[in-house]
>>> print(open('entry_19.txt').read())   # compact mmCIF, C-alpha atoms
# COMPACT_ATOMS: atom_id res chain seq x y z
CA MET I 255 9.72 29.26 -8.09
CA PHE I 256 12.24 26.47 -7.45
CA ILE I 257 11.75 26.68 -3.68
CA GLY I 258 7.97 26.60 -4.07
CA VAL I 259 8.05 23.56 -6.36
CA THR I 260 10.45 21.74 -4.05
CA LEU I 261 8.21 22.43 -1.08
CA LEU I 262 5.13 21.14 -2.92
CA VAL I 263 6.95 17.94 -3.92
CA ILE I 264 8.05 17.33 -0.33
CA LEU I 265 4.53 17.95 0.98
CA ALA I 266 3.10 15.59 -1.67
CA LEU I 267 5.54 12.85 -0.61
CA ILE I 268 4.45 13.12 3.02
CA GLY I 269 0.77 12.90 2.19
CA LEU I 270 -0.60 16.31 1.19
CA PRO I 271 -3.82 15.74 -0.83
CA LEU I 272 -3.25 15.72 -4.57
CA PHE I 273 -5.78 18.47 -5.31
CA VAL I 274 -3.95 20.80 -2.90
CA VAL I 275 -0.64 20.05 -4.63
CA LEU I 276 -2.13 20.66 -8.07
CA GLY I 277 -3.90 23.83 -6.94
CA GLY I 278 -0.80 25.20 -5.26
CA GLY I 279 1.30 24.36 -8.32
CA SER I 280 -1.22 26.07 -10.57
CA LEU I 281 -1.21 29.28 -8.54
CA LEU I 282 2.58 29.23 -8.30
CA TYR I 283 2.94 28.74 -12.06
CA ALA I 284 0.39 31.47 -12.82
CA HIS I 285 2.23 33.94 -10.59
CA HIS I 286 5.64 33.06 -12.03
CA SER I 287 4.42 33.30 -15.65
CA GLY I 288 2.40 36.47 -15.16
CA LEU I 289 -0.84 34.69 -16.09
CA ASP I 290 -4.24 35.44 -14.63
CA ALA I 291 -5.18 32.86 -11.98
CA ALA I 292 -8.80 33.28 -13.10
CA LEU I 293 -7.98 30.78 -15.86
CA LEU I 294 -8.38 28.10 -13.19
CA ILE I 295 -11.98 29.12 -12.50
CA ILE I 296 -12.84 29.32 -16.20
CA GLU I 297 -11.94 25.66 -16.57
CA LEU I 298 -14.11 24.76 -13.60
CA ASN I 299 -17.05 26.37 -15.37
CA ARG I 300 -16.42 24.30 -18.49
CA LEU I 301 -16.31 21.18 -16.35
CA ALA I 302 -19.56 22.07 -14.59
CA THR I 303 -21.37 22.60 -17.91
CA SER I 304 -20.14 19.37 -19.49
CA PRO I 305 -23.18 17.29 -20.55
CA ASN I 306 -21.41 14.07 -19.58
CA LEU I 307 -20.42 15.13 -16.07
CA LEU I 308 -23.66 13.78 -14.58
CA THR I 309 -22.77 10.24 -15.64
CA ILE I 310 -19.90 10.00 -13.16
CA PRO I 311 -21.90 10.31 -9.88
CA LEU I 312 -24.82 8.26 -11.23
CA PHE I 313 -22.72 5.28 -12.33
CA LYS I 314 -20.68 5.54 -9.14
CA LEU I 315 -23.88 5.46 -7.06
CA ALA I 316 -24.94 2.32 -8.93
CA SER I 317 -21.62 0.61 -8.13
CA VAL I 318 -21.87 1.51 -4.42
CA VAL I 319 -25.40 0.08 -4.23
CA LEU I 320 -24.35 -3.09 -6.08
CA ALA I 321 -21.48 -3.66 -3.66
CA ALA I 322 -23.70 -3.09 -0.63
CA GLY I 323 -26.45 -5.31 -2.02
CA GLY I 324 -24.36 -8.47 -2.38
CA ALA I 325 -23.67 -8.35 -6.13
CA PRO I 326 -20.05 -9.60 -5.70
CA GLN I 327 -21.22 -12.81 -4.02
CA ARG I 328 -23.96 -13.41 -6.61
CA LEU I 329 -21.51 -12.86 -9.48
CA ILE I 330 -18.99 -15.31 -8.05
CA ARG I 331 -21.68 -18.00 -7.67
CA LEU I 332 -22.89 -17.32 -11.21
CA PHE I 333 -19.51 -17.42 -12.94
CA ASN I 334 -18.45 -20.44 -10.90
CA ALA I 335 -21.57 -22.33 -11.96
CA LEU I 336 -21.12 -21.37 -15.63
CA LEU I 337 -17.32 -21.44 -15.98
CA GLY I 338 -15.99 -23.47 -13.07
CA TRP I 339 -15.90 -26.66 -15.15
CA LEU I 340 -13.40 -25.17 -17.65
CA PRO I 341 -9.63 -25.78 -17.47
CA GLY I 342 -8.48 -23.12 -15.08
CA GLY I 343 -11.92 -23.26 -13.49
CA LEU I 344 -12.01 -20.93 -10.54
CA ALA I 345 -9.20 -18.69 -11.87
CA VAL I 346 -11.29 -18.04 -14.98
CA VAL I 347 -14.21 -17.29 -12.65
CA ALA I 348 -12.05 -14.73 -10.81
CA ILE I 349 -11.07 -13.03 -14.08
CA ALA I 350 -14.67 -12.80 -15.30
CA ALA I 351 -16.07 -11.62 -11.96
CA CYS I 352 -13.37 -8.98 -11.46
CA ALA I 353 -13.81 -7.62 -15.00
CA PHE I 354 -17.58 -7.44 -14.59
CA PHE I 355 -17.45 -5.73 -11.21
CA THR I 356 -14.67 -3.26 -12.09
CA SER I 357 -16.62 -2.02 -15.10
CA PHE I 358 -19.25 -0.74 -12.67
CA SER I 359 -17.17 0.13 -9.62
CA GLY I 360 -14.72 2.15 -11.75
CA ALA I 361 -11.92 1.49 -9.30
CA SER I 362 -9.72 -1.56 -8.99
CA GLY I 363 -9.35 -1.05 -5.24
CA VAL I 364 -13.06 -1.62 -4.70
CA THR I 365 -12.86 -4.85 -6.72
CA ILE I 366 -9.89 -6.19 -4.76
CA LEU I 367 -11.57 -5.40 -1.45
CA ALA I 368 -14.99 -6.72 -2.49
CA LEU I 369 -13.95 -9.86 -4.40
CA GLY I 370 -10.40 -10.58 -3.30
CA GLY I 371 -11.38 -11.67 0.19
CA LEU I 372 -13.98 -14.02 -1.25
CA LEU I 373 -11.85 -15.55 -3.99
CA TYR I 374 -8.42 -15.85 -2.37
CA PRO I 375 -9.21 -18.61 0.18
CA VAL I 376 -11.21 -20.57 -2.39
CA LEU I 377 -8.36 -20.40 -4.95
CA GLN I 378 -5.99 -21.62 -2.25
CA LYS I 379 -8.33 -24.46 -1.31
CA VAL I 380 -8.73 -25.88 -4.83
CA GLY I 381 -4.94 -26.10 -5.31
CA TYR I 382 -3.65 -23.00 -7.08
CA PRO I 383 -0.22 -21.89 -5.80
CA GLN I 384 -0.22 -18.86 -3.52
CA ARG I 385 2.02 -16.80 -5.81
CA PHE I 386 -0.36 -17.32 -8.73
CA ASN I 387 -3.36 -16.38 -6.61
CA LEU I 388 -1.76 -13.18 -5.37
CA GLY I 389 -0.70 -12.16 -8.89
CA LEU I 390 -4.08 -13.00 -10.37
CA LEU I 391 -6.15 -11.04 -7.84
CA THR I 392 -3.75 -8.09 -7.76
CA THR I 393 -3.79 -7.55 -11.53
CA SER I 394 -7.41 -8.59 -12.09
CA GLY I 395 -8.52 -5.67 -9.96
CA SER I 396 -8.07 -3.38 -12.96
CA LEU I 397 -9.74 -5.66 -15.50
CA GLY I 398 -12.94 -4.17 -16.83
CA LEU I 399 -11.68 -0.59 -17.16
CA LEU I 400 -12.33 -0.79 -20.90
CA PHE I 401 -15.88 -2.12 -20.59
CA PRO I 402 -18.96 0.14 -20.35
CA PRO I 403 -19.84 1.93 -18.14
CA SER I 404 -16.24 2.27 -16.91
CA LEU I 405 -15.58 5.46 -14.96
CA ALA I 406 -12.13 5.70 -16.57
CA ILE I 407 -13.72 5.84 -20.04
CA LEU I 408 -16.28 8.39 -18.89
CA LEU I 409 -13.54 10.61 -17.46
CA TYR I 410 -11.43 10.32 -20.61
CA GLY I 411 -14.45 11.32 -22.69
CA VAL I 412 -15.18 14.35 -20.48
CA VAL I 413 -11.57 15.55 -20.58
CA SER I 414 -10.85 14.87 -24.26
CA GLY I 415 -14.24 15.73 -25.74
CA VAL I 416 -14.29 12.37 -27.57
CA ASN I 417 -17.73 10.78 -27.99
CA ILE I 418 -18.25 8.42 -25.05
CA ASP I 419 -20.43 6.06 -27.11
CA ASP I 420 -17.47 5.56 -29.46
CA LEU I 421 -15.14 4.91 -26.54
CA PHE I 422 -17.52 2.34 -25.06
CA ALA I 423 -17.61 0.49 -28.39
CA ALA I 424 -13.84 0.73 -28.84
CA GLY I 425 -13.03 -0.86 -25.48
CA ILE I 426 -15.08 -4.04 -25.87
CA VAL I 427 -12.80 -6.09 -28.16
CA PRO I 428 -9.48 -5.11 -26.49
CA GLY I 429 -10.99 -5.91 -23.10
CA LEU I 430 -12.18 -9.34 -24.27
CA VAL I 431 -8.79 -10.09 -25.83
CA LEU I 432 -7.06 -9.43 -22.51
CA MET I 433 -9.53 -11.64 -20.64
CA LEU I 434 -8.93 -14.47 -23.12
CA MET I 435 -5.15 -14.15 -22.77
CA LEU I 436 -5.30 -14.22 -18.98
CA GLY I 437 -7.87 -17.03 -19.09
CA GLY I 438 -5.54 -19.09 -21.28
CA TYR I 439 -2.70 -18.61 -18.80
CA ALA I 440 -5.01 -19.59 -15.95
CA ALA I 441 -6.03 -22.76 -17.81
CA LEU I 442 -2.38 -23.76 -18.36
CA THR I 443 -1.63 -23.14 -14.69
CA GLY I 444 -4.64 -25.17 -13.62
CA ARG I 445 -3.53 -28.15 -15.69
CA ARG I 446 0.07 -27.83 -14.52
CA PHE I 447 -0.92 -28.06 -10.86
CA ALA I 448 -3.81 -30.50 -11.44
CA VAL I 449 -6.30 -28.10 -9.90
CA SER I 450 -9.67 -29.66 -9.20
CA ARG I 451 -12.74 -28.39 -11.02
CA HIS I 452 -16.37 -29.31 -10.71
CA ALA I 453 -18.62 -30.83 -13.35
CA PHE I 454 -21.19 -28.60 -14.97
CA ALA I 455 -24.63 -29.01 -13.41
CA TRP I 456 -27.73 -27.51 -14.99
CA PRO I 457 -29.72 -27.16 -11.75
CA VAL I 458 -26.87 -25.27 -10.06
CA ALA I 459 -26.34 -23.08 -13.11
CA LEU I 460 -30.03 -22.23 -13.40
CA ARG I 461 -30.26 -21.30 -9.71
CA ALA I 462 -27.19 -19.06 -10.06
CA VAL I 463 -28.61 -17.41 -13.18
CA ARG I 464 -31.94 -16.76 -11.47
CA SER I 465 -30.19 -15.26 -8.46
CA ALA I 466 -27.93 -12.95 -10.54
CA LEU I 467 -30.29 -12.30 -13.45
CA GLY I 468 -30.80 -8.66 -12.51
CA ASP I 469 -27.05 -8.10 -12.30
CA ILE I 470 -26.14 -9.71 -15.62
CA LEU I 471 -28.97 -7.96 -17.47
CA LEU I 472 -27.62 -4.56 -16.44
CA PRO I 473 -24.68 -4.31 -18.90
CA VAL I 474 -26.86 -5.78 -21.64
CA LEU I 475 -29.46 -3.07 -21.10
CA ILE I 476 -26.82 -0.33 -20.99
CA VAL I 477 -25.09 -1.43 -24.19
CA THR I 478 -28.40 -2.00 -26.00
CA GLY I 479 -29.79 1.33 -24.87
CA ILE I 480 -26.74 3.38 -25.84
CA PHE I 481 -25.76 1.69 -29.10
CA GLY I 482 -29.36 1.14 -30.12
CA GLY I 483 -29.90 4.88 -29.93
CA TYR I 484 -32.66 4.60 -27.31
CA VAL I 485 -30.88 6.65 -24.62
CA THR I 486 -27.92 8.98 -24.31
CA VAL I 487 -25.03 8.15 -21.96
CA SER I 488 -26.44 10.50 -19.30
CA GLU I 489 -29.89 8.94 -19.57
CA ALA I 490 -28.34 5.46 -19.38
CA ALA I 491 -26.56 6.48 -16.17
CA ALA I 492 -29.82 7.68 -14.61
CA CYS I 493 -31.65 4.51 -15.67
CA THR I 494 -28.81 2.38 -14.27
CA ALA I 495 -28.98 4.05 -10.86
CA LEU I 496 -32.77 3.60 -10.70
CA TYR I 497 -32.56 0.00 -11.93
CA VAL I 498 -29.95 -0.91 -9.31
CA PHE I 499 -32.04 0.56 -6.50
CA VAL I 500 -35.08 -1.43 -7.65
CA ILE I 501 -33.12 -4.69 -7.95
CA GLU I 502 -31.34 -4.43 -4.61
CA ALA I 503 -34.12 -2.90 -2.51
CA TRP I 504 -37.24 -4.61 -3.85
CA VAL I 505 -36.15 -7.72 -5.78
CA HIS I 506 -33.26 -9.05 -3.68
CA ARG I 507 -34.26 -7.01 -0.62
CA SER I 508 -30.59 -6.87 0.31
CA ILE I 509 -30.61 -3.20 1.31
CA ASP I 510 -33.04 -1.17 3.42
CA LEU I 511 -33.41 2.27 1.85
CA ARG I 512 -34.85 3.82 5.02
CA ARG I 513 -31.78 2.87 7.04
CA GLN I 514 -29.04 2.68 4.40
CA LEU I 515 -29.88 5.35 1.82
CA ALA I 516 -28.06 8.13 3.68
CA SER I 517 -24.88 6.06 4.08
CA LEU I 518 -24.97 4.93 0.43
CA LEU I 519 -25.29 8.53 -0.75
CA ALA I 520 -22.52 9.61 1.64
CA ASP I 521 -20.15 6.90 0.34
CA THR I 522 -20.91 7.94 -3.24
CA ALA I 523 -20.40 11.62 -2.45
CA MET I 524 -17.01 10.88 -0.88
CA LEU I 525 -15.83 8.87 -3.88
CA VAL I 526 -17.18 11.25 -6.51
CA GLY I 527 -16.11 14.38 -4.63
CA SER I 528 -12.52 13.21 -4.44
CA ILE I 529 -12.52 12.65 -8.21
CA LEU I 530 -14.25 15.90 -9.15
CA ILE I 531 -12.06 18.15 -7.02
CA ILE I 532 -8.91 16.63 -8.56
CA LEU I 533 -10.51 16.87 -12.00
CA GLY I 534 -11.41 20.54 -11.59
CA VAL I 535 -8.03 21.66 -10.25
CA ALA I 536 -6.05 19.57 -12.73
CA MET I 537 -8.03 20.87 -15.69
CA GLY I 538 -7.34 24.39 -14.46
CA LEU I 539 -3.62 23.62 -14.43
CA THR I 540 -3.91 22.20 -17.92
CA ASN I 541 -5.59 25.40 -19.06
CA LEU I 542 -2.66 27.40 -17.71
CA LEU I 543 -0.19 25.17 -19.54
CA ILE I 544 -2.13 25.58 -22.78
CA ASP I 545 -2.23 29.36 -22.32
CA ALA I 546 1.53 29.27 -21.83
CA GLN I 547 1.78 27.35 -25.15
CA LEU I 548 3.41 24.33 -23.55
CA PRO I 549 1.62 21.87 -25.90
CA MET I 550 2.92 23.80 -28.93
CA ARG I 551 6.45 23.72 -27.59
CA LEU I 552 6.12 20.01 -26.90
CA LEU I 553 4.76 19.48 -30.41
CA ASP I 554 7.73 21.35 -31.91
CA TRP I 555 10.12 19.19 -29.93
CA ILE I 556 8.34 15.98 -30.95
CA GLU I 557 8.33 16.99 -34.61
CA GLY I 558 12.06 17.65 -34.45
CA THR I 559 12.80 14.33 -32.75
CA ILE I 560 10.24 11.83 -34.08
CA ASP I 561 9.60 11.42 -37.78
CA SER I 562 7.07 8.57 -38.03
CA PRO I 563 3.83 7.40 -36.38
CA LEU I 564 5.54 4.12 -35.38
CA LYS I 565 8.24 5.93 -33.41
CA PHE I 566 5.60 8.15 -31.85
CA LEU I 567 3.59 5.15 -30.63
CA ILE I 568 6.71 3.52 -29.19
CA VAL I 569 7.67 6.68 -27.31
CA LEU I 570 4.04 7.17 -26.27
CA ASN I 571 3.82 3.72 -24.67
CA ILE I 572 7.12 4.15 -22.82
CA PHE I 573 5.99 7.55 -21.54
CA LEU I 574 2.55 6.32 -20.47
CA LEU I 575 3.96 3.26 -18.70
CA ILE I 576 6.13 5.64 -16.66
CA VAL I 577 3.12 7.90 -16.01
CA GLY I 578 1.04 4.89 -14.94
CA ALA I 579 3.74 3.90 -12.44
CA MET I 580 3.80 7.43 -10.97
CA MET I 581 0.19 8.69 -11.06
CA ASP I 582 -3.28 7.31 -10.47
CA ILE I 583 -5.46 6.91 -13.55
CA PHE I 584 -7.80 9.82 -12.78
CA SER I 585 -5.04 12.36 -12.18
CA ALA I 586 -3.12 11.15 -15.23
CA THR I 587 -6.22 11.47 -17.40
CA VAL I 588 -6.94 15.10 -16.57
CA VAL I 589 -3.29 16.21 -16.65
CA ILE I 590 -1.82 14.21 -19.55
CA VAL I 591 -4.66 13.69 -22.05
CA PRO I 592 -5.04 17.38 -23.12
CA LEU I 593 -1.30 17.47 -23.87
CA LEU I 594 -1.34 14.20 -25.84
CA LEU I 595 -4.34 14.89 -28.08
CA PRO I 596 -2.66 17.46 -30.42
CA LEU I 597 0.46 15.32 -30.63
CA ALA I 598 -1.52 12.21 -31.55
CA GLN I 599 -3.51 14.10 -34.17
CA ARG I 600 -0.26 15.38 -35.68
CA PHE I 601 0.82 11.77 -36.30
CA GLY I 602 -2.60 10.57 -37.47
CA VAL I 603 -3.58 8.59 -34.36
CA ASP I 604 -7.34 8.43 -34.01
CA PRO I 605 -8.52 10.08 -30.73
CA VAL I 606 -10.65 7.02 -29.92
CA HIS I 607 -7.70 4.67 -30.52
CA LEU I 608 -5.53 6.98 -28.42
CA GLY I 609 -8.05 6.66 -25.58
CA ILE I 610 -7.80 2.87 -25.57
CA ILE I 611 -3.98 3.00 -25.73
CA PHE I 612 -3.94 5.48 -22.87
CA LEU I 613 -6.27 3.44 -20.65
CA ALA I 614 -4.45 0.18 -21.46
CA ASN I 615 -1.16 1.69 -20.30
CA LEU I 616 -2.70 3.07 -17.13
CA GLU I 617 -4.38 -0.29 -16.47
CA ILE I 618 -0.91 -1.85 -16.38
CA GLY I 619 0.27 1.00 -14.16
CA TYR I 620 -2.24 -0.03 -11.49
CA SER I 621 0.07 -2.96 -10.62
CA THR I 622 3.44 -1.26 -11.14
CA PRO I 623 5.59 0.37 -8.43
CA PRO I 624 6.06 2.91 -6.99
CA VAL I 625 2.43 4.17 -7.00
CA GLY I 626 0.55 1.12 -8.31
CA ILE I 627 -2.62 1.34 -6.23
CA ASN I 628 -3.44 -2.35 -6.77
CA LEU I 629 -0.24 -3.33 -4.98
CA PHE I 630 -1.01 -1.23 -1.91
CA ILE I 631 -4.64 -2.28 -1.63
CA ALA I 632 -3.81 -5.96 -2.24
CA GLY I 633 -1.03 -5.66 0.34
CA GLN I 634 -3.54 -4.52 2.93
CA ARG I 635 -6.21 -7.03 1.88
CA PHE I 636 -3.94 -10.10 1.75
CA GLU I 637 -1.40 -8.91 4.36
CA GLN I 638 1.55 -9.38 2.00
CA PRO I 639 4.62 -7.20 1.30
CA ILE I 640 4.39 -4.96 -1.78
CA LEU I 641 7.53 -6.44 -3.35
CA ARG I 642 6.17 -9.96 -3.04
CA LEU I 643 2.92 -8.94 -4.72
CA PHE I 644 4.83 -7.27 -7.55
CA ARG I 645 6.89 -10.41 -8.18
CA ALA I 646 3.70 -12.46 -8.16
CA ALA I 647 2.13 -10.09 -10.69
CA LEU I 648 5.07 -10.21 -13.15
CA PRO I 649 3.74 -13.08 -15.35
CA PHE I 650 0.39 -11.30 -15.65
CA LEU I 651 2.08 -7.96 -16.38
CA GLY I 652 4.12 -9.69 -19.10
CA LEU I 653 0.93 -10.87 -20.78
CA MET I 654 -0.57 -7.41 -20.41
CA LEU I 655 2.46 -5.85 -22.14
CA VAL I 656 1.99 -8.23 -25.09
CA TRP I 657 -1.69 -7.22 -25.11
CA LEU I 658 -0.68 -3.55 -25.06
CA MET I 659 1.42 -4.06 -28.19
CA LEU I 660 -1.56 -5.67 -29.94
CA VAL I 661 -3.87 -2.83 -28.94
CA THR I 662 -1.35 -0.19 -30.00
CA TYR I 663 -0.27 -1.56 -33.37
CA LEU I 664 -3.55 -3.15 -34.45
CA PRO I 665 -6.00 -0.22 -34.48
CA VAL I 666 -8.70 -2.53 -35.86
CA LEU I 667 -9.11 -3.99 -32.36
CA SER I 668 -10.31 -0.61 -31.13
CA LEU I 669 -11.95 0.67 -34.31
CA TRP I 670 -13.67 -2.57 -35.40
CA TRP I 671 -17.12 -0.99 -35.32
CA ARG I 672 -16.42 1.70 -37.93
>>> encode(input="entry_19.txt", output="structure tokens")
Amino acid sequence: MFIGVTLLVILALIGLPLFVVLGGGSLLYAHHSGLDAALLIIELNRLATSPNLLTIPLFKLASVVLAAGGAPQRLIRLFNALLGWLPGGLAVVAIAACAFFTSFSGASGVTILALGGLLYPVLQKVGYPQRFNLGLLTTSGSLGLLFPPSLAILLYGVVSGVNIDDLFAAGIVPGLVLMLMLGGYAALTGRRFAVSRHAFAWPVALRAVRSALGDILLPVLIVTGIFGGYVTVSEAAACTALYVFVIEAWVHRSIDLRRQLASLLADTAMLVGSILIILGVAMGLTNLLIDAQLPMRLLDWIEGTIDSPLKFLIVLNIFLLIVGAMMDIFSATVVIVPLLLPLAQRFGVDPVHLGIIFLANLEIGYSTPPVGINLFIAGQRFEQPILRLFRAALPFLGLMLVWLMLVTYLPVLSLWWR
């Protein structure tokens, strides 16, 4: 057993795909514990029959089409026209655009690649210091993970069984609070360095609104449809995919379906397939751990060590910050969430509130070594060393830690709608 685990760890460190590591670990654990390896397949069946599973590929398809159709450029023009006159001007534009786009792309890496190259030279040109720009764009890549129709929220709902509508509602206020905190810091930085900003102009704003009207109506339609009771989450995902195709192919005419449809579907299949195969294997491993009563043993240990909800939340945040620094958000969700749910319920933490705490921690982990994916993608995009990007991100991470404390210890931010 020890030799097998050691070998898997070494192979993982040199680049073996995560789903192979998880699958191999699952089979090794099943053999060592005398459990039936068929438990892995049973969990795959539960995943395949989940009513919310369809939302993942549909929303992902919508994000791929938006990126290919020029939505990032339209959003930057729109937010610059509407918000560029504020203190902090273009930095506030970057925060808003990144949050909006990440909510649909579901991955911070896509946001950094799609928007970072557009925003970085402009931020440099108007007078923001390079270190601020690097920190802003590195951390802003994960903004929007709490806004509908975030893939991270969808995945948490599928794994935990928590109502996705409730999770969508719960993420809105915490997400806005974080944007306001970062926007305030951007405004102070803009004033400190006397960054230039343009005057508001109605003609420019109206042209930008007309150009991006289809894009900005999309989240409004999704939220109204779901919370108004007109459509389910799965139906909203299907409507979103159709709406995006209509907007990009026939309104903006920015994509040619005859020539690009196959490549768009292939890109979506690659992204979704990589998530689903990890999800299936990791949920099988979780099923084995549950069958081996690991959650019950963990619960017994927690009950013997922690005697109050406050202590539990403190330990939970420390643990999740470590997890976020070591695992990507999708792997962490399918492996860690099933173990946390019974513990949180034992200490009276609402499952919806737990979801927001979990995602907030993992959002910070995106920009934290050694596995912070934002750092690696930003390093490639901006051609900067990882350590330099991490130092640049520290002020933003400090604000995000303060935000995490607010989200954790003020449940009303997440449960305001009840």
>>> residues_around(input="entry_19.txt", residues="Arg672 of chain I", least_positions_apart="3", cutoff="12 Å", atoms="all atoms listed in the file", output="PDB file with C-alpha atoms, in the frame of the given file")
ATOM      1  CA  ASP I 420     -17.470   5.560 -29.460  1.00  0.00           C
ATOM      2  CA  LEU I 421     -15.140   4.910 -26.540  1.00  0.00           C
ATOM      3  CA  ALA I 423     -17.610   0.490 -28.390  1.00  0.00           C
ATOM      4  CA  ALA I 424     -13.840   0.730 -28.840  1.00  0.00           C
ATOM      5  CA  ASP I 604      -7.340   8.430 -34.010  1.00  0.00           C
ATOM      6  CA  VAL I 606     -10.650   7.020 -29.920  1.00  0.00           C
ATOM      7  CA  HIS I 607      -7.700   4.670 -30.520  1.00  0.00           C
ATOM      8  CA  PRO I 665      -6.000  -0.220 -34.480  1.00  0.00           C
ATOM      9  CA  VAL I 666      -8.700  -2.530 -35.860  1.00  0.00           C
ATOM     10  CA  LEU I 667      -9.110  -3.990 -32.360  1.00  0.00           C
ATOM     11  CA  SER I 668     -10.310  -0.610 -31.130  1.00  0.00           C
ATOM     12  CA  LEU I 669     -11.950   0.670 -34.310  1.00  0.00           C
TER      13      LEU I 669
END
>>> residues_around(input="entry_19.txt", residues="Ile310 of chain I", least_positions_apart="5", cutoff="12 Å", atoms="only C-alpha atoms", output="number ranges by chain")
I: 304-305, 315-317, 358-360, 403-412, 487-492, 494-495, 522-523, 525-530, 533
>>> closest_residue(input="entry_19.txt", among="I:Gly398, I:Gly324, I:Pro383, I:Gly278", to="Ser465 of chain I", atoms="only C-alpha atoms")
I:Gly324
>>> residues_around(input="entry_19.txt", residues="segment 656-660 of chain I", least_positions_apart="6", cutoff="9 Å", atoms="only C-alpha atoms", output="number ranges by chain")
I: 428, 431-432, 435, 571, 611, 614-615, 618, 667
>>> atom_distance(input="entry_19.txt", atom1="atom CA of Gly342 of chain I", atom2="atom CA of Val477 of chain I")
28.8 Å
>>> residues_around(input="entry_19.txt", residues="Leu629 of chain I", least_positions_apart="6", cutoff="7 Å", atoms="all atoms listed in the file", output="list in words")
Thr392, Ser621, Ile640, Leu643 and Phe644 of chain I
>>> atom_distance(input="entry_19.txt", atom1="atom CA of Val463 of chain I", atom2="atom CA of Tyr439 of chain I")
26.5 Å
>>> closest_residue(input="entry_19.txt", among="I:Leu377, I:Leu593, I:Leu329, I:Leu653", to="Ala351 of chain I", atoms="only C-alpha atoms")
I:Leu329
>>> axis_aligned_box(input="entry_19.txt", around="segment 442-454 of chain I", padding_each_side="3 Å", output="AutoDock Vina command-line options")
--center_x -10.6 --center_y -27.0 --center_z -13.8 --size_x 27.3 --size_y 13.7 --size_z 15.2
>>> atom_distance(input="entry_19.txt", atom1="atom CA of Ala647 of chain I", atom2="atom CA of Ile583 of chain I")
18.8 Å
>>> residues_around(input="entry_19.txt", residues="Ser394 of chain I", least_positions_apart="5", cutoff="8 Å", atoms="only C-alpha atoms", output="number ranges by chain")
I: 348-349, 352-353
>>> closest_residue(input="entry_19.txt", among="I:Pro623, I:Gly438, I:Pro605, I:Gly633", to="Ile576 of chain I", atoms="only C-alpha atoms")
I:Pro623
>>> closest_residue(input="entry_19.txt", among="I:Leu597, I:Ala350, I:Ile590, I:Ala579", to="Asp554 of chain I", atoms="all atoms listed in the file")
I:Leu597
>>> residues_near_point(input="entry_19.txt", point="(1.4, 7.5, -33.0)", cutoff="8 Å", atoms="only C-alpha atoms", output="list of chain:residue names")
I:Ser562, I:Pro563, I:Leu564, I:Lys565, I:Phe566, I:Leu567, I:Ile568, I:Leu570, I:Ala598, I:Phe601, I:Gly602, I:Val603
